[in-house]
$ cat query.txt   # compact mmCIF, N, CA and C atoms
# COMPACT_ATOMS: atom_id res chain seq x y z
N MET W 1 82.00 68.21 100.37
CA MET W 1 81.01 68.80 101.24
C MET W 1 80.83 67.92 102.47
N ASP W 2 80.79 68.57 103.61
CA ASP W 2 80.62 67.87 104.88
C ASP W 2 79.12 67.76 105.17
N PHE W 3 78.54 66.58 104.92
CA PHE W 3 77.10 66.40 105.07
C PHE W 3 76.65 66.46 106.52
N LYS W 4 77.54 66.13 107.45
CA LYS W 4 77.19 66.22 108.87
C LYS W 4 76.95 67.69 109.24
N VAL W 5 77.83 68.58 108.79
CA VAL W 5 77.67 70.01 109.05
C VAL W 5 76.42 70.52 108.32
N LEU W 6 76.23 70.09 107.08
CA LEU W 6 75.07 70.51 106.31
C LEU W 6 73.77 70.16 107.04
N LEU W 7 73.66 68.92 107.49
CA LEU W 7 72.46 68.49 108.18
C LEU W 7 72.28 69.18 109.53
N THR W 8 73.39 69.42 110.23
CA THR W 8 73.32 70.12 111.52
C THR W 8 72.82 71.55 111.34
N VAL W 9 73.39 72.25 110.36
CA VAL W 9 72.98 73.63 110.10
C VAL W 9 71.52 73.66 109.64
N PHE W 10 71.16 72.74 108.74
CA PHE W 10 69.78 72.68 108.26
C PHE W 10 68.81 72.48 109.42
N ALA W 11 69.08 71.48 110.24
CA ALA W 11 68.17 71.17 111.35
C ALA W 11 68.07 72.33 112.33
N THR W 12 69.21 72.95 112.65
CA THR W 12 69.22 74.06 113.60
C THR W 12 68.42 75.24 113.08
N VAL W 13 68.68 75.65 111.84
CA VAL W 13 67.98 76.80 111.27
C VAL W 13 66.50 76.47 111.07
N PHE W 14 66.21 75.27 110.59
CA PHE W 14 64.81 74.87 110.37
C PHE W 14 64.02 74.93 111.67
N LEU W 15 64.55 74.35 112.73
CA LEU W 15 63.85 74.37 114.01
C LEU W 15 63.74 75.78 114.59
N ALA W 16 64.78 76.58 114.40
CA ALA W 16 64.76 77.94 114.93
C ALA W 16 63.74 78.81 114.20
N GLU W 17 63.51 78.53 112.94
CA GLU W 17 62.59 79.35 112.14
C GLU W 17 61.13 78.94 112.31
N LEU W 18 60.87 77.72 112.78
CA LEU W 18 59.48 77.28 112.93
C LEU W 18 58.77 78.11 113.98
N GLY W 19 57.65 78.70 113.59
CA GLY W 19 56.83 79.43 114.54
C GLY W 19 57.35 80.79 114.94
N ASP W 20 58.40 81.27 114.32
CA ASP W 20 58.89 82.59 114.70
C ASP W 20 58.08 83.67 113.98
N LYS W 21 58.34 84.92 114.31
CA LYS W 21 57.53 86.00 113.75
C LYS W 21 57.69 86.12 112.23
N THR W 22 58.82 85.71 111.69
CA THR W 22 59.00 85.74 110.25
C THR W 22 58.05 84.76 109.57
N GLN W 23 57.94 83.57 110.12
CA GLN W 23 57.03 82.59 109.54
C GLN W 23 55.58 83.06 109.68
N LEU W 24 55.24 83.65 110.81
CA LEU W 24 53.89 84.16 111.00
C LEU W 24 53.57 85.28 110.01
N ALA W 25 54.52 86.16 109.77
CA ALA W 25 54.32 87.24 108.79
C ALA W 25 54.14 86.65 107.39
N THR W 26 54.93 85.65 107.06
CA THR W 26 54.82 85.00 105.76
C THR W 26 53.45 84.35 105.61
N MET W 27 52.97 83.73 106.67
CA MET W 27 51.64 83.11 106.64
C MET W 27 50.56 84.16 106.41
N LEU W 28 50.70 85.33 107.03
CA LEU W 28 49.72 86.40 106.83
C LEU W 28 49.70 86.89 105.39
N TYR W 29 50.89 87.06 104.81
CA TYR W 29 50.95 87.46 103.41
C TYR W 29 50.31 86.41 102.51
N ALA W 30 50.59 85.14 102.77
CA ALA W 30 50.06 84.05 101.95
C ALA W 30 48.56 83.89 102.13
N ALA W 31 48.00 84.35 103.25
CA ALA W 31 46.57 84.22 103.50
C ALA W 31 45.75 85.16 102.63
N ASP W 32 46.37 86.19 102.09
CA ASP W 32 45.67 87.13 101.22
C ASP W 32 45.34 86.44 99.90
N ARG W 33 44.08 86.34 99.57
CA ARG W 33 43.64 85.62 98.37
C ARG W 33 44.14 86.27 97.07
N GLU W 34 44.42 87.56 97.11
CA GLU W 34 44.81 88.27 95.91
C GLU W 34 46.32 88.26 95.67
N VAL W 35 47.07 87.66 96.56
CA VAL W 35 48.53 87.64 96.46
C VAL W 35 48.99 86.29 95.94
N SER W 36 49.94 86.32 95.02
CA SER W 36 50.49 85.08 94.49
C SER W 36 51.29 84.36 95.57
N LYS W 37 50.95 83.10 95.80
CA LYS W 37 51.66 82.31 96.81
C LYS W 37 53.11 82.10 96.40
N LEU W 38 53.35 81.98 95.10
CA LEU W 38 54.72 81.83 94.61
C LEU W 38 55.53 83.09 94.92
N THR W 39 54.92 84.25 94.75
CA THR W 39 55.61 85.52 95.06
C THR W 39 55.97 85.60 96.53
N VAL W 40 55.03 85.21 97.40
CA VAL W 40 55.29 85.21 98.84
C VAL W 40 56.41 84.24 99.17
N PHE W 41 56.36 83.04 98.60
CA PHE W 41 57.40 82.03 98.84
C PHE W 41 58.77 82.53 98.38
N LEU W 42 58.83 83.08 97.17
CA LEU W 42 60.12 83.56 96.65
C LEU W 42 60.65 84.72 97.48
N GLY W 43 59.78 85.65 97.88
CA GLY W 43 60.22 86.77 98.70
C GLY W 43 60.76 86.32 100.04
N ALA W 44 60.04 85.42 100.70
CA ALA W 44 60.48 84.91 102.00
C ALA W 44 61.77 84.10 101.87
N SER W 45 61.85 83.30 100.81
CA SER W 45 63.05 82.48 100.59
C SER W 45 64.27 83.34 100.33
N LEU W 46 64.12 84.35 99.48
CA LEU W 46 65.25 85.23 99.18
C LEU W 46 65.71 85.99 100.43
N ALA W 47 64.74 86.40 101.26
CA ALA W 47 65.10 87.10 102.50
C ALA W 47 65.91 86.19 103.42
N LEU W 48 65.49 84.93 103.56
CA LEU W 48 66.21 84.00 104.42
C LEU W 48 67.60 83.70 103.86
N VAL W 49 67.69 83.56 102.53
CA VAL W 49 68.99 83.31 101.91
C VAL W 49 69.93 84.50 102.15
N LEU W 50 69.42 85.72 101.97
CA LEU W 50 70.25 86.91 102.19
C LEU W 50 70.67 87.03 103.65
N ALA W 51 69.73 86.82 104.57
CA ALA W 51 70.06 86.90 106.00
C ALA W 51 71.09 85.84 106.37
N SER W 52 70.96 84.64 105.81
CA SER W 52 71.93 83.58 106.07
C SER W 52 73.29 83.93 105.48
N GLY W 53 73.28 84.52 104.30
CA GLY W 53 74.54 84.95 103.67
C GLY W 53 75.27 85.98 104.51
N ILE W 54 74.51 86.93 105.05
CA ILE W 54 75.11 87.94 105.92
C ILE W 54 75.71 87.27 107.16
N GLY W 55 75.00 86.28 107.71
CA GLY W 55 75.52 85.55 108.87
C GLY W 55 76.81 84.81 108.56
N VAL W 56 76.87 84.18 107.38
CA VAL W 56 78.08 83.45 106.99
C VAL W 56 79.25 84.42 106.80
N ILE W 57 79.00 85.51 106.12
CA ILE W 57 80.08 86.50 105.89
C ILE W 57 80.55 87.10 107.21
N ALA W 58 79.60 87.49 108.07
CA ALA W 58 79.97 88.07 109.37
C ALA W 58 80.75 87.06 110.21
N GLY W 59 80.30 85.81 110.22
CA GLY W 59 81.02 84.78 110.98
C GLY W 59 82.42 84.55 110.45
N SER W 60 82.55 84.55 109.13
CA SER W 60 83.87 84.36 108.52
C SER W 60 84.82 85.50 108.87
N LEU W 61 84.30 86.73 108.79
CA LEU W 61 85.15 87.89 109.10
C LEU W 61 85.52 87.93 110.58
N LEU W 62 84.55 87.68 111.46
CA LEU W 62 84.82 87.70 112.89
C LEU W 62 85.80 86.60 113.30
N SER W 63 85.71 85.45 112.65
CA SER W 63 86.58 84.33 113.02
C SER W 63 88.05 84.59 112.70
N GLU W 64 88.31 85.58 111.84
CA GLU W 64 89.69 85.95 111.55
C GLU W 64 90.33 86.68 112.72
N TYR W 65 89.52 87.32 113.56
CA TYR W 65 90.02 88.14 114.65
C TYR W 65 89.70 87.58 116.04
N ILE W 66 88.66 86.75 116.11
CA ILE W 66 88.20 86.22 117.39
C ILE W 66 88.12 84.70 117.27
N SER W 67 88.54 84.00 118.32
CA SER W 67 88.51 82.54 118.27
C SER W 67 87.07 82.02 118.24
N GLY W 68 86.89 80.84 117.69
CA GLY W 68 85.58 80.22 117.62
C GLY W 68 84.94 80.02 118.97
N LYS W 69 85.76 79.69 119.95
CA LYS W 69 85.26 79.47 121.31
C LYS W 69 84.68 80.76 121.89
N VAL W 70 85.38 81.87 121.70
CA VAL W 70 84.89 83.16 122.18
C VAL W 70 83.59 83.52 121.48
N LEU W 71 83.51 83.28 120.17
CA LEU W 71 82.28 83.56 119.43
C LEU W 71 81.11 82.73 119.97
N GLN W 72 81.38 81.47 120.33
CA GLN W 72 80.33 80.63 120.91
C GLN W 72 79.83 81.20 122.23
N TYR W 73 80.76 81.65 123.08
CA TYR W 73 80.38 82.24 124.36
C TYR W 73 79.59 83.52 124.16
N VAL W 74 80.02 84.37 123.24
CA VAL W 74 79.32 85.63 122.97
C VAL W 74 77.91 85.34 122.44
N ALA W 75 77.80 84.40 121.50
CA ALA W 75 76.49 84.06 120.95
C ALA W 75 75.59 83.47 122.04
N GLY W 76 76.14 82.59 122.87
CA GLY W 76 75.36 82.01 123.97
C GLY W 76 74.89 83.06 124.95
N ALA W 77 75.77 83.97 125.31
CA ALA W 77 75.40 85.05 126.23
C ALA W 77 74.33 85.94 125.59
N GLY W 78 74.46 86.18 124.30
CA GLY W 78 73.46 86.98 123.59
C GLY W 78 72.09 86.33 123.63
N PHE W 79 72.04 85.02 123.39
CA PHE W 79 70.75 84.31 123.43
C PHE W 79 70.16 84.36 124.84
N ILE W 80 71.00 84.20 125.85
CA ILE W 80 70.52 84.26 127.23
C ILE W 80 69.96 85.65 127.54
N LEU W 81 70.68 86.69 127.13
CA LEU W 81 70.21 88.06 127.39
C LEU W 81 68.90 88.34 126.66
N ILE W 82 68.77 87.87 125.43
CA ILE W 82 67.52 88.06 124.69
C ILE W 82 66.39 87.32 125.39
N GLY W 83 66.68 86.12 125.89
CA GLY W 83 65.66 85.36 126.63
C GLY W 83 65.21 86.07 127.88
N ILE W 84 66.15 86.60 128.64
CA ILE W 84 65.82 87.35 129.86
C ILE W 84 65.00 88.59 129.52
N TRP W 85 65.42 89.31 128.49
CA TRP W 85 64.71 90.52 128.07
C TRP W 85 63.28 90.17 127.65
N THR W 86 63.12 89.06 126.91
CA THR W 86 61.79 88.61 126.48
C THR W 86 60.92 88.26 127.68
N LEU W 87 61.49 87.55 128.65
CA LEU W 87 60.73 87.18 129.85
C LEU W 87 60.31 88.42 130.65
N MET W 88 61.19 89.40 130.72
CA MET W 88 60.88 90.61 131.48
C MET W 88 59.76 91.42 130.81
N ARG W 89 59.67 91.34 129.51
CA ARG W 89 58.64 92.08 128.78
C ARG W 89 57.30 91.36 128.81
N ALA W 90 57.29 90.08 129.13
CA ALA W 90 56.04 89.29 129.09
C ALA W 90 55.11 89.64 130.23
$ encode --input "query.txt" --output "C-alpha cells"
Amino acid sequence: MDFKVLLTVFATVFLAELGDKTQLATMLYAADREVSKLTVFLGASLALVLASGIGVIAGSLLSEYISGKVLQYVAGAGFILIGIWTLMRA
C-alpha cells in the first residue's frame, strides 16, 4: 500500500467534505433528538463510501480510454466551471 497516496487522498477528501452541504445535512439529521446518532453516522458513512467507490470505478474505466493528464484537465475545467456558475448564482 502506498501510504503517500493514502494520506493525500484522505486529506483531499476530508478537506473537501468539511462544511459542504452533505455535512450540513448530516448535522441536521443528527440534531433531531429522536434519531439515533449511530444510524445517522452509519447512513452518512455508507453514502460516502458508495460515492467514493463510484468515483474509483469511473476513474478506473475512464483511464483505460483517456490519459491521466487529459482527465486532470477535464476535472480542473469542471471545477472552474462549477465555481463560475456558483459565483454567478450568488
$ atom_distance --input "query.txt" --atom1 "atom C of Val49 of chain W" --atom2 "atom CA of Phe10 of chain W"
13.3 Å
$ atom_distance --input "query.txt" --atom1 "atom CA of Lys4 of chain W" --atom2 "atom CA of Gly76 of chain W"
21.9 Å
$ atom_distance --input "query.txt" --atom1 "atom C of Lys69 of chain W" --atom2 "atom C of Gly53 of chain W"
20.4 Å
$ select_by_dssp --input "query.txt" --residues "chain W" --states "alpha helix (DSSP H)" --output "VMD selection string"
chain W and resid 3 to 17 21 to 31 37 to 63 68 to 89
$ closest_residue --input "query.txt" --among "W:Leu62, W:Ala77, W:Thr12, W:Ala44" --to "Met27 of chain W" --atoms "only C-alpha atoms"
W:Ala44
$ closest_residue --input "query.txt" --among "W:Val40, W:Ala51, W:Leu81, W:Val5" --to "Thr26 of chain W" --atoms "all atoms listed in the file"
W:Val40
$ closest_residue --input "query.txt" --among "W:Ser52, W:Leu38, W:Arg89, W:Tyr65" --to "Val9 of chain W" --atoms "only C-alpha atoms"
W:Ser52
$ build_atoms --input "query.txt" --residues "segment 34-45 of chain W" --atoms "all heavy atoms" --output "CSV table (one decimal), keeping the file's coordinate frame"
chain,number,residue,atom,x,y,z
W,34,GLU,N,44.4,87.6,97.1
W,34,GLU,CA,44.8,88.3,95.9
W,34,GLU,C,46.3,88.3,95.7
W,34,GLU,O,46.8,88.8,94.7
W,34,GLU,CB,44.3,89.7,96.0
W,34,GLU,CG,42.8,89.8,96.0
W,34,GLU,CD,42.3,91.2,96.1
W,34,GLU,OE1,43.0,92.1,95.8
W,34,GLU,OE2,41.1,91.3,96.4
W,35,VAL,N,47.1,87.7,96.6
W,35,VAL,CA,48.5,87.6,96.5
W,35,VAL,C,49.0,86.3,95.9
W,35,VAL,O,48.5,85.2,96.4
W,35,VAL,CB,49.2,87.9,97.8
W,35,VAL,CG1,50.7,87.8,97.8
W,35,VAL,CG2,48.8,89.3,98.3
W,36,SER,N,49.9,86.3,95.0
W,36,SER,CA,50.5,85.1,94.5
W,36,SER,C,51.3,84.4,95.6
W,36,SER,O,52.2,84.9,96.2
W,36,SER,CB,51.4,85.4,93.3
W,36,SER,OG,52.2,84.3,93.0
W,37,LYS,N,51.0,83.1,95.8
W,37,LYS,CA,51.7,82.3,96.8
W,37,LYS,C,53.1,82.1,96.4
W,37,LYS,O,54.0,82.1,97.2
W,37,LYS,CB,51.0,80.9,97.0
W,37,LYS,CG,49.5,81.0,97.4
W,37,LYS,CD,49.1,82.0,98.4
W,37,LYS,CE,47.6,82.0,98.6
W,37,LYS,NZ,47.0,83.3,98.6
W,38,LEU,N,53.4,82.0,95.1
W,38,LEU,CA,54.7,81.8,94.6
W,38,LEU,C,55.5,83.1,94.9
W,38,LEU,O,56.7,83.0,95.3
W,38,LEU,CB,54.7,81.5,93.1
W,38,LEU,CG,56.1,81.4,92.5
W,38,LEU,CD1,56.9,80.2,93.1
W,38,LEU,CD2,56.0,81.2,91.0
W,39,THR,N,54.9,84.2,94.8
W,39,THR,CA,55.6,85.5,95.1
W,39,THR,C,56.0,85.6,96.5
W,39,THR,O,57.1,86.0,96.9
W,39,THR,CB,54.7,86.7,94.6
W,39,THR,OG1,54.4,86.6,93.3
W,39,THR,CG2,55.4,88.0,94.9
W,40,VAL,N,55.0,85.2,97.4
W,40,VAL,CA,55.3,85.2,98.8
W,40,VAL,C,56.4,84.2,99.2
W,40,VAL,O,57.3,84.6,99.9
W,40,VAL,CB,54.0,84.9,99.6
W,40,VAL,CG1,54.3,84.7,101.1
W,40,VAL,CG2,52.9,85.9,99.4
W,41,PHE,N,56.4,83.0,98.6
W,41,PHE,CA,57.4,82.0,98.8
W,41,PHE,C,58.8,82.5,98.4
W,41,PHE,O,59.7,82.4,99.1
W,41,PHE,CB,57.0,80.7,98.1
W,41,PHE,CG,58.1,79.7,98.2
W,41,PHE,CD1,58.4,79.0,99.4
W,41,PHE,CD2,59.0,79.5,97.1
W,41,PHE,CE1,59.4,78.1,99.4
W,41,PHE,CE2,60.0,78.5,97.2
W,41,PHE,CZ,60.2,77.8,98.4
W,42,LEU,N,58.8,83.1,97.2
W,42,LEU,CA,60.1,83.6,96.6
W,42,LEU,C,60.6,84.7,97.5
W,42,LEU,O,61.9,84.8,97.8
W,42,LEU,CB,60.0,84.0,95.2
W,42,LEU,CG,59.7,82.8,94.2
W,42,LEU,CD1,59.5,83.4,92.8
W,42,LEU,CD2,60.9,81.8,94.2
W,43,GLY,N,59.8,85.6,97.9
W,43,GLY,CA,60.2,86.8,98.7
W,43,GLY,C,60.8,86.3,100.0
W,43,GLY,O,61.8,86.8,100.5
W,44,ALA,N,60.0,85.4,100.7
W,44,ALA,CA,60.5,84.9,102.0
W,44,ALA,C,61.8,84.1,101.9
W,44,ALA,O,62.7,84.2,102.7
W,44,ALA,CB,59.4,84.1,102.6
W,45,SER,N,61.8,83.3,100.8
W,45,SER,CA,63.0,82.5,100.6
W,45,SER,C,64.3,83.3,100.3
W,45,SER,O,65.3,83.1,100.9
W,45,SER,CB,62.8,81.5,99.4
W,45,SER,OG,61.8,80.6,99.7
